[in-house]
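To be precise, the following lines are start_30.tsv, and they hold TSV, C-alpha atoms and all ligand atoms.
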chain	number	residue	atom	x	y	z
Y	1141	SER	CA	-23.96	-13.06	55.18
Y	1142	LEU	CA	-22.28	-9.70	54.97
Y	1143	THR	CA	-18.94	-11.48	54.84
Y	1144	TYR	CA	-20.21	-13.72	52.11
Y	1145	GLN	CA	-21.46	-10.79	50.07
Y	1146	PHE	CA	-18.13	-9.14	50.30
Y	1147	GLU	CA	-16.14	-12.25	49.66
Y	1148	HIS	CA	-15.15	-11.08	46.23
Y	1149	PHE	CA	-15.05	-7.43	47.13
Y	1150	GLN	CA	-13.38	-5.69	44.26
Y	1151	GLU	CA	-13.99	-2.12	43.38
Y	1152	GLU	CA	-12.89	-0.74	40.10
Y	1153	VAL	CA	-11.79	2.86	40.06
Y	1154	PRO	CA	-15.01	4.71	40.90
Y	1155	GLY	CA	-16.84	7.11	38.61
Y	1156	LYS	CA	-14.27	9.88	38.86
Y	1157	GLU	CA	-11.73	10.19	36.07
Y	1158	ARG	CA	-8.15	9.20	36.56
Y	1159	TYR	CA	-5.81	12.13	36.02
Y	1160	GLY	CA	-2.23	11.81	34.95
Y	1161	PRO	CA	0.43	10.69	37.38
Y	1162	GLY	CA	1.87	13.40	39.57
Y	1163	GLU	CA	-1.36	15.35	39.38
Y	1164	ASN	CA	-4.64	15.55	41.24
Y	1165	ALA	CA	-6.38	12.68	43.00
Y	1166	PRO	CA	-3.96	9.89	43.90
Y	1167	LEU	CA	-4.97	6.32	43.25
Y	1168	ILE	CA	-4.48	3.86	46.09
Y	1169	GLN	CA	-4.71	0.11	45.76
Y	1170	ILE	CA	-5.37	-1.99	48.87
Y	1171	ILE	CA	-5.27	-5.76	48.97
Y	1172	ASP	CA	-6.37	-7.44	52.16
Y	1173	LYS	CA	-8.56	-10.37	53.09
Y	1174	ASP	CA	-10.18	-8.42	55.94
Y	1175	VAL	CA	-13.24	-6.98	54.24
Y	1176	SER	CA	-14.50	-4.81	57.09
Y	1177	MET	CA	-11.12	-3.12	57.33
Y	1178	LEU	CA	-11.05	-2.59	53.55
Y	1179	VAL	CA	-14.45	-0.96	53.61
Y	1180	LEU	CA	-13.43	1.31	56.47
Y	1181	LEU	CA	-10.13	2.35	54.90
Y	1182	LYS	CA	-11.71	2.89	51.53
Y	1183	GLU	CA	-14.33	5.20	53.01
Y	1184	GLU	CA	-11.75	7.24	54.90
Y	1185	MET	CA	-9.52	7.55	51.85
Y	1186	GLU	CA	-12.32	8.58	49.55
Y	1187	GLU	CA	-13.25	11.23	52.05
Y	1188	LYS	CA	-9.75	12.65	51.54
Y	1189	GLY	CA	-10.45	12.83	47.82
Y	1190	TRP	CA	-8.27	9.83	47.00
Y	1191	MET	CA	-9.34	7.12	44.60
Y	1192	VAL	CA	-9.28	3.57	45.87
Y	1193	ILE	CA	-9.22	0.12	44.39
Y	1194	ALA	CA	-9.81	-2.36	47.19
Y	1195	SER	CA	-9.72	-6.07	46.71
Y	1196	THR	CA	-9.67	-9.32	48.58
Y	1197	LYS	CA	-9.23	-11.39	45.46
Y	1198	LEU	CA	-5.70	-11.62	44.33
Y	1199	GLU	CA	-6.08	-12.39	40.63
Y	1200	LYS	CA	-8.32	-9.36	40.15
Y	1201	ALA	CA	-5.95	-7.24	42.20
Y	1202	VAL	CA	-2.95	-8.19	40.09
Y	1203	GLU	CA	-4.85	-7.30	36.95
Y	1204	SER	CA	-5.92	-3.93	38.37
Y	1205	TYR	CA	-2.37	-3.19	39.43
Y	1206	TYR	CA	-1.02	-3.50	35.92
Y	1207	ASP	CA	-4.03	-1.78	34.36
Y	1208	HIS	CA	-4.05	1.25	36.61
Y	1209	LEU	CA	-0.53	1.50	38.03
Y	1210	PRO	CA	-1.62	2.91	41.41
Y	1211	ASP	CA	0.24	5.72	43.14
Y	1212	CYS	CA	0.57	3.61	46.26
Y	1213	LEU	CA	0.05	-0.09	46.90
Y	1214	ILE	CA	-0.97	-1.32	50.33
Y	1215	ALA	CA	-0.96	-5.09	50.71
Y	1216	ASP	CA	-1.24	-7.54	53.54
Y	1217	ILE	CA	1.65	-9.95	53.86
Y	1218	HIS	CA	-0.71	-12.82	54.57
Y	1219	LEU	CA	-2.88	-13.34	51.51
Y	1220	PRO	CA	-4.57	-16.48	50.34
Y	1221	VAL	CA	-3.18	-18.32	47.30
Y	1222	LYS	CA	-0.12	-16.17	46.83
Y	1223	GLN	CA	1.68	-14.69	49.77
Y	1224	GLY	CA	2.15	-10.94	49.91
Y	1225	PHE	CA	5.89	-11.40	49.54
Y	1226	GLN	CA	5.53	-13.22	46.25
Y	1227	LEU	CA	3.32	-10.44	45.04
Y	1228	LEU	CA	5.86	-7.86	46.10
Y	1229	GLU	CA	8.63	-9.68	44.26
Y	1230	GLU	CA	6.59	-9.99	41.11
Y	1231	PHE	CA	5.51	-6.34	41.12
Y	1232	GLN	CA	9.03	-5.10	41.73
Y	1233	LEU	CA	10.25	-7.17	38.82
Y	1234	ASN	CA	7.60	-5.96	36.41
Y	1235	SER	CA	7.27	-2.30	37.19
Y	1236	ASN	CA	10.95	-1.48	37.34
Y	1237	LYS	CA	10.49	1.52	35.10
Y	1238	ARG	CA	7.89	3.01	37.40
Y	1239	PHE	CA	8.02	3.81	41.07
Y	1240	ILE	CA	5.00	2.55	42.97
Y	1241	PRO	CA	5.52	2.96	46.70
Y	1242	THR	CA	4.46	-0.18	48.51
Y	1243	ILE	CA	3.34	-0.51	52.10
Y	1244	MET	CA	3.17	-3.98	53.56
Y	1245	ILE	CA	0.78	-4.49	56.45
Y	1246	SER	CA	0.85	-7.46	58.75
Y	1247	SER	CA	-0.72	-8.75	61.94
Y	1248	GLU	CA	2.57	-10.49	62.58
Y	1249	ASN	CA	5.51	-8.28	63.30
Y	1250	CYS	CA	8.98	-9.60	63.79
Y	1251	SER	CA	12.35	-8.45	62.60
Y	1252	GLU	CA	12.61	-11.35	60.12
Y	1253	LEU	CA	9.38	-10.34	58.38
Y	1254	ARG	CA	10.31	-6.67	58.30
Y	1255	LYS	CA	13.75	-7.36	56.90
Y	1256	LYS	CA	12.31	-9.58	54.22
Y	1257	ALA	CA	9.70	-6.96	53.26
Y	1258	TYR	CA	12.28	-4.19	52.97
Y	1259	THR	CA	14.69	-6.41	51.10
Y	1260	LEU	CA	12.03	-7.26	48.54
Y	1261	GLY	CA	11.38	-3.57	47.96
Y	1262	ALA	CA	8.67	-2.54	50.42
Y	1263	ASP	CA	8.80	1.15	51.29
Y	1264	ASP	CA	7.11	0.81	54.64
Y	1265	PHE	CA	5.89	-1.89	57.00
Y	1266	ILE	CA	2.91	-1.32	59.26
Y	1267	GLU	CA	1.69	-3.61	62.00
Y	1268	LYS	CA	-2.00	-4.44	62.40
Y	1269	PRO	CA	-4.07	-3.24	64.11
Y	1270	PHE	CA	-2.88	0.28	63.46
Y	1271	ASP	CA	-3.68	3.77	64.55
Y	1272	PHE	CA	-5.59	5.23	61.59
Y	1273	GLU	CA	-4.11	8.67	61.99
Y	1274	GLU	CA	-0.57	7.36	61.91
Y	1275	PHE	CA	-1.43	5.05	59.04
Y	1276	PHE	CA	-2.65	7.95	56.91
Y	1277	ILE	CA	0.38	10.07	57.74
Y	1278	ARG	CA	2.57	7.24	56.50
Y	1279	VAL	CA	0.51	6.73	53.34
Y	1280	GLU	CA	0.59	10.45	52.64
Y	1281	ARG	CA	4.34	10.44	53.01
Y	1282	GLN	CA	4.61	7.76	50.33
Y	1283	LEU	CA	2.29	9.74	48.08
Y	1284	GLN	CA	4.53	12.77	48.42
Y	1285	ARG	CA	7.54	10.71	47.36
Y	1286	LYS	CA	5.59	9.33	44.44
Y	1287	LYS	CA	4.49	12.76	43.29
Y	1288	LEU	CA	8.04	14.09	43.44
Y	1289	PHE	CA	9.31	11.10	41.51
Y	1290	ASP	CA	6.67	11.38	38.80
Y	1291	GLN	CA	7.21	15.08	38.40
Y	1292	SER	CA	10.95	14.70	38.00
Y	1293	VAL	CA	10.95	11.58	35.85
Y	1294	LEU	CA	7.82	11.98	33.75
Y	1295	LYS	CA	7.76	15.73	33.23
Y	1296	ASP	CA	9.75	18.13	31.15
Y	1297	GLU	CA	11.64	20.70	33.18
Y	1298	LEU	CA	11.05	23.77	31.02
Y	1299	THR	CA	7.42	23.27	30.03
Y	1300	LYS	CA	6.12	21.27	33.03
Y	1301	VAL	CA	4.18	18.94	30.74
Y	1302	TYR	CA	4.88	15.22	30.38
Y	1303	ASN	CA	8.01	14.23	28.53
Y	1304	ARG	CA	8.67	12.06	25.51
Y	1305	ARG	CA	9.51	8.99	27.50
Y	1306	PHE	CA	6.17	9.09	29.25
Y	1307	PHE	CA	4.46	9.75	25.94
Y	1308	ASP	CA	5.71	6.48	24.48
Y	1309	GLU	CA	4.54	4.59	27.52
Y	1310	THR	CA	1.13	6.31	27.59
Y	1311	LEU	CA	0.48	5.73	23.91
Y	1312	GLU	CA	1.13	2.01	24.37
Y	1313	ARG	CA	-1.28	1.95	27.29
Y	1314	GLN	CA	-3.95	3.75	25.27
Y	1315	ILE	CA	-3.60	1.21	22.48
Y	1316	LYS	CA	-3.96	-1.64	24.95
Y	1317	GLU	CA	-6.99	-0.03	26.55
Y	1318	ARG	CA	-8.60	0.45	23.18
Y	1319	LYS	CA	-8.05	-3.22	22.36
Y	1320	ARG	CA	-9.61	-4.24	25.63
Y	1321	THR	CA	-12.53	-1.83	25.86
Y	1322	GLY	CA	-13.09	-0.68	22.29
Y	1323	ASN	CA	-12.89	2.94	23.46
Y	1324	PRO	CA	-11.31	5.15	20.82
Y	1325	PHE	CA	-8.66	7.75	21.59
Y	1326	ALA	CA	-7.25	10.57	19.54
Y	1327	LEU	CA	-3.72	11.84	19.13
Y	1328	ALA	CA	-2.63	15.26	17.90
Y	1329	MET	CA	0.89	16.36	17.07
Y	1330	LEU	CA	1.50	20.11	17.27
Y	1331	ASP	CA	4.47	22.08	15.99
Y	1332	ILE	CA	4.99	25.80	16.54
Y	1333	ASP	CA	5.27	27.68	13.25
Y	1334	HIS	CA	8.52	29.45	12.36
Y	1335	PHE	CA	9.81	29.01	15.86
Y	1336	LYS	CA	13.36	29.40	14.70
Y	1337	HIS	CA	12.43	32.94	13.79
Y	1338	VAL	CA	11.42	33.65	17.41
Y	1339	ASN	CA	14.81	32.44	18.64
Y	1340	ASP	CA	16.70	34.31	15.94
Y	1341	THR	CA	14.81	37.57	16.46
Y	1342	TYR	CA	14.24	37.72	20.22
Y	1343	GLY	CA	16.81	35.30	21.57
Y	1344	HIS	CA	16.79	31.78	22.94
Y	1345	ALA	CA	15.49	32.86	26.35
Y	1346	ALA	CA	12.46	34.46	24.71
Y	1347	GLY	CA	11.97	31.20	22.80
Y	1348	ASP	CA	12.01	29.33	26.08
Y	1349	ARG	CA	9.38	31.67	27.49
Y	1350	VAL	CA	7.15	31.05	24.48
Y	1351	LEU	CA	7.52	27.27	24.93
Y	1352	ALA	CA	6.59	27.45	28.60
Y	1353	GLU	CA	3.66	29.75	27.87
Y	1354	PHE	CA	2.44	27.60	25.00
Y	1355	SER	CA	2.43	24.39	27.01
Y	1356	GLY	CA	0.65	26.15	29.89
Y	1357	PHE	CA	-1.98	27.29	27.43
Y	1358	LEU	CA	-2.45	23.75	26.10
Y	1359	LYS	CA	-2.74	22.26	29.56
Y	1360	LYS	CA	-5.34	24.69	30.77
Y	1361	SER	CA	-7.32	24.51	27.53
Y	1362	VAL	CA	-7.89	20.76	27.38
Y	1363	ARG	CA	-9.93	18.55	29.69
Y	1364	SER	CA	-8.23	17.24	32.79
Y	1365	THR	CA	-8.25	13.72	31.35
Y	1366	ASP	CA	-6.43	14.79	28.18
Y	1367	MET	CA	-2.68	14.64	28.43
Y	1368	VAL	CA	-0.15	17.11	27.04
Y	1369	PHE	CA	3.41	16.02	26.23
Y	1370	ARG	CA	6.50	17.76	24.95
Y	1371	TYR	CA	7.45	15.47	22.12
Y	1372	GLY	CA	10.66	17.30	21.25
Y	1373	GLY	CA	11.96	20.88	20.80
Y	1374	GLU	CA	8.91	22.91	19.81
Y	1375	GLU	CA	6.75	19.89	19.11
Y	1376	PHE	CA	3.95	18.77	21.40
Y	1377	ALA	CA	1.54	15.87	21.52
Y	1378	ILE	CA	-1.91	15.68	23.05
Y	1379	LEU	CA	-3.62	12.39	23.85
Y	1380	PHE	CA	-7.40	12.52	24.13
Y	1381	PRO	CA	-8.76	9.39	25.82
Y	1382	ARG	CA	-12.24	8.26	24.81
Y	1383	THR	CA	-12.38	10.82	22.01
Y	1384	SER	CA	-12.80	10.44	18.28
Y	1385	GLY	CA	-10.35	11.99	15.83
Y	1386	SER	CA	-12.95	14.41	14.51
Y	1387	VAL	CA	-13.80	15.73	17.98
Y	1388	ALA	CA	-10.09	16.16	18.68
Y	1389	ALA	CA	-9.68	18.03	15.40
Y	1390	SER	CA	-12.41	20.48	16.30
Y	1391	ILE	CA	-10.90	21.01	19.75
Y	1392	LEU	CA	-7.58	21.84	18.06
Y	1393	THR	CA	-9.18	24.22	15.62
Y	1394	ARG	CA	-10.68	26.09	18.55
Y	1395	LEU	CA	-7.29	26.12	20.34
Y	1396	LEU	CA	-5.55	27.41	17.24
Y	1397	GLU	CA	-8.05	30.23	16.84
Y	1398	GLU	CA	-7.65	31.24	20.44
Y	1399	TYR	CA	-3.88	30.99	20.43
Y	1400	SER	CA	-3.40	32.89	17.19
Y	1401	SER	CA	-5.16	35.91	18.61
Y	1402	LYS	CA	-2.68	36.29	21.48
Y	1403	GLN	CA	-0.11	39.07	21.45
Y	1404	PHE	CA	3.45	38.44	22.59
Y	1405	GLN	CA	5.93	41.10	23.56
Y	1406	GLU	CA	9.72	41.06	23.61
Y	1407	ASN	CA	12.01	44.10	23.53
Y	1408	GLY	CA	9.01	46.35	23.00
Y	1409	GLU	CA	8.04	44.49	19.85
Y	1410	THR	CA	4.70	42.76	19.44
Y	1411	PHE	CA	4.35	39.47	17.62
Y	1412	LYS	CA	2.03	36.50	17.22
Y	1413	ILE	CA	2.58	32.78	17.41
Y	1414	THR	CA	0.72	30.09	15.51
Y	1415	PHE	CA	1.05	26.35	15.35
Y	1416	SER	CA	0.23	23.58	12.94
Y	1417	ALA	CA	-1.38	20.34	14.02
Y	1418	GLY	CA	-1.88	16.85	12.63
Y	1419	VAL	CA	-4.58	14.63	14.07
Y	1420	TYR	CA	-4.52	10.87	13.89
Y	1421	MET	CA	-7.72	9.32	12.59
Y	1422	ALA	CA	-8.16	5.63	13.37
Y	1423	ASP	CA	-8.40	3.73	10.11
Y	1424	GLY	CA	-8.16	0.21	11.46
Y	1425	VAL	CA	-5.15	-0.42	9.24
Y	1426	SER	CA	-2.07	1.12	10.84
Y	1427	ASP	CA	-3.20	1.13	14.44
Y	1428	ASP	CA	0.01	0.20	16.23
Y	1429	SER	CA	2.06	2.97	17.83
Y	1430	GLN	CA	4.28	3.44	14.79
Y	1431	GLY	CA	1.30	3.62	12.45
Y	1432	ILE	CA	-0.49	6.06	14.73
Y	1433	LEU	CA	2.55	8.34	14.98
Y	1434	ASN	CA	3.14	8.21	11.24
Y	1435	SER	CA	-0.45	9.12	10.57
Y	1436	ALA	CA	-0.36	12.15	12.92
Y	1437	ASP	CA	3.06	13.16	11.54
Y	1438	GLN	CA	1.84	12.92	7.98
Y	1439	ALA	CA	-1.14	15.14	8.80
Y	1440	LEU	CA	1.19	17.63	10.50
Y	1441	TYR	CA	3.42	17.66	7.45
Y	1442	THR	CA	0.36	18.37	5.29
Y	1443	ALA	CA	-0.63	21.25	7.60
Y	1444	LYS	CA	2.84	22.78	7.21
Y	1445	LYS	CA	2.82	22.28	3.47
Y	1446	ASN	CA	-0.61	23.85	3.13
Y	1447	GLY	CA	0.55	27.09	4.70
Y	1448	ARG	CA	0.83	26.48	8.48
Y	1449	ALA	CA	-1.53	27.74	11.21
Y	1450	ARG	CA	-3.94	24.94	10.41
Y	1451	VAL	CA	-5.19	21.58	11.58
Y	1452	GLU	CA	-5.18	18.55	9.28
Y	1453	CYS	CA	-6.34	14.99	9.78
Y	1501	LIG	P1	8.26	25.24	10.98
Y	1501	LIG	O1	7.15	26.21	10.86
Y	1501	LIG	O2	8.55	24.52	9.72
Y	1501	LIG	O3	8.03	24.28	12.09
Y	1501	LIG	O4	9.56	26.08	11.31
Y	1501	LIG	P2	10.36	26.14	12.66
Y	1501	LIG	O5	11.32	27.26	12.60
Y	1501	LIG	O6	9.43	26.13	13.81
Y	1501	LIG	O7	11.06	24.73	12.64
Y	1501	LIG	P3	12.56	24.29	12.78
Y	1501	LIG	O8	12.48	22.81	12.98
Y	1501	LIG	O9	13.35	24.79	11.63
Y	1501	LIG	O10	13.10	24.99	14.06
Y	1501	LIG	C1	12.73	24.62	15.34
Y	1501	LIG	C2	13.55	25.42	16.29
Y	1501	LIG	O11	13.19	25.17	17.64
Y	1501	LIG	C3	15.01	25.12	16.19
Y	1501	LIG	C4	15.46	24.92	17.60
Y	1501	LIG	O12	16.62	25.63	17.88
Y	1501	LIG	C5	14.33	25.47	18.41
Y	1501	LIG	N1	14.24	24.84	19.72
Y	1501	LIG	C6	14.12	23.52	20.00
Y	1501	LIG	N2	14.07	23.33	21.34
Y	1501	LIG	C7	14.16	24.55	21.92
Y	1501	LIG	C8	14.17	25.01	23.28
Y	1501	LIG	O13	14.09	24.25	24.23
Y	1501	LIG	N3	14.27	26.35	23.48
Y	1501	LIG	C9	14.35	27.23	22.45
Y	1501	LIG	N4	14.43	28.51	22.73
Y	1501	LIG	N5	14.36	26.82	21.17
Y	1501	LIG	C10	14.26	25.51	20.90
Y	1502	MG	MG	9.63	21.12	14.67
Y	1503	MG	MG	10.23	22.12	11.49
Y	1504	MG	MG	8.19	24.43	14.13
Show me this structure written as structure tokens.
Ligand code: GH3
Ligand code: MG
Ligand code: MG
Ligand code: MG
Amino acid sequence: SLTYQFEHFQEEVPGKERYGPGENAPLIQIIDKDVSMLVLLKEEMEEKGWMVIASTKLEKAVESYYDHLPDCLIADIHLPVKQGFQLLEEFQLNSNKRFIPTIMISSENCSELRKKAYTLGADDFIEKPFDFEEFFIRVERQLQRKKLFDQSVLKDELTKVYNRRFFDETLERQIKERKRTGNPFALAMLDIDHFKHVNDTYGHAAGDRVLAEFSGFLKKSVRSTDMVFRYGGEEFAILFPRTSGSVAASILTRLLEEYSSKQFQENGETFKITFSAGVYMADGVSDDSQGILNSADQALYTAKKNGRARVEC
């Protein structure tokens, strides 16, 4: 009866929040028809602080894969309905912009199978039953590769926050999630005031230091689930999942107050830095990515026009 109960074993990402890629708790997805092994692996992984989606049902698993884009996929080659290889082929085809290391596991182990797995894009092939310790070393190795990849492809070199490319992708995902769940999200666009003056007065290197400091400040000031992006030059974006526009606006007002009181020093001179921000408020009219960006941009433009160092909606 235990087997029956677990027949459709499918765990959504547990209570913990999902942080951005390349940071914090990694998300592992395991697909296998062996429920007792899934339960065991899941427990061990969660003990390591990892997050786990485990499933025996393929349709659900495929959905979760696209919804959550795990940091590592572990799948048995022998799955009911669709074979693991088909799955591998499909995933490789559809997530070509993202790197999701994939480990195939199999109770059968012959050179033909291994060659096929690697050819279709598997990153590792592990025979069942396996030594748990070795298994985790191999998973961890894939997670390290994934982290390195995400940090170099999704992050901006100078400021260490996410880059524009990842912003576009994340905004689309937020819009999709909102459609599906009804959860709102907020977007703020920030632009440093008179930044050209910093460059002109203290030099480009000093400007770079301010940019790095500013983004560090943003990152440590927002919740771990909020995401900071460098949108361009001295422009930044913050995405606040499950947050209303008005809450985001008050968060930004607090940030602006705090940031404006900081003192900067270059060449023995002291100066201050402020920023202007525009917050997108959902109006149900222009709620596609272009409309959302325009709305935040328009608010930012208003903030500049009204004298800078302010937050507008
Ligand atoms: P405003 O208050 O209207 O935003 O004025 P501003 O001077 O901040 O705006 P403007 O768009 O005129 O100038 C932005 C400057 O940011 C110009 C550009 O050279 C500088 N900038 C963009 N990227 C970088 C960078 O990576 N490093 C440095 N040091 N400067 C940068
Ligand atoms: Mg600008
Ligand atoms: Mg400007
Ligand atoms: Mg500016």
Go ahead and compute the interatomic distance for CA of Arg1278 (chain Y) and CA of Asp1207 (chain Y), in Å to one decimal. 24.8 Å
Residues of chain Y that have any atom at most 9 Å from an atom of ligand MG 1503 (chain Y): could you tabulate them with the shortest-distance atom pair and the distance in Å to one decimal, using only C-alpha atoms and all ligand atoms, ordered by chain and increasing number, as JSON lines?
{"residue": "Y:Asp1331", "atom": "CA", "partner": "Y:MG1503", "partner_atom": "MG", "distance": 7.3}
{"residue": "Y:Ile1332", "atom": "CA", "partner": "Y:MG1503", "partner_atom": "MG", "distance": 8.2}
{"residue": "Y:Asp1333", "atom": "CA", "partner": "Y:MG1503", "partner_atom": "MG", "distance": 7.7}
{"residue": "Y:His1334", "atom": "CA", "partner": "Y:MG1503", "partner_atom": "MG", "distance": 7.6}
{"residue": "Y:Phe1335", "atom": "CA", "partner": "Y:MG1503", "partner_atom": "MG", "distance": 8.2}
{"residue": "Y:Lys1336", "atom": "CA", "partner": "Y:MG1503", "partner_atom": "MG", "distance": 8.5}
{"residue": "Y:Glu1374", "atom": "CA", "partner": "Y:MG1503", "partner_atom": "MG", "distance": 8.5}
{"residue": "Y:Glu1375", "atom": "CA", "partner": "Y:MG1503", "partner_atom": "MG", "distance": 8.7}
{"residue": "Y:Lys1444", "atom": "CA", "partner": "Y:MG1503", "partner_atom": "MG", "distance": 8.6}
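If only C-alpha atoms are the atoms counted, then among Y:Arg1304, Y:Ala1443, Y:Arg1448, Y:Leu1433 the closest residue to Ser1400 (chain Y) is Y:Arg1448.
Each of Y:Glu1353, Y:Glu1184, Y:Glu1452, Y:Glu1203 was checked against Lys1402 (chain Y) using only C-alpha atoms; the smallest atom-to-atom distance is that of Y:Glu1353.
You will find CA of Gly1447 (chain Y) at 29.5 Å from CA of Lys1300 (chain Y).
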Residue neighbourhood Asp1264 (chain Y), 8 Å, only C-alpha atoms, exclusion window fewer than 4 positions, as a list in words: Thr1242, Ile1243, Met1244 and Tyr1258 of chain Y
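Proximity to ligand MG 1504 (chain Y) was assessed for Y:Lys1255, Y:Arg1349, Y:Lys1182, Y:His1337 counting only C-alpha atoms and all ligand atoms; the smallest distance is recorded for Y:His1337.
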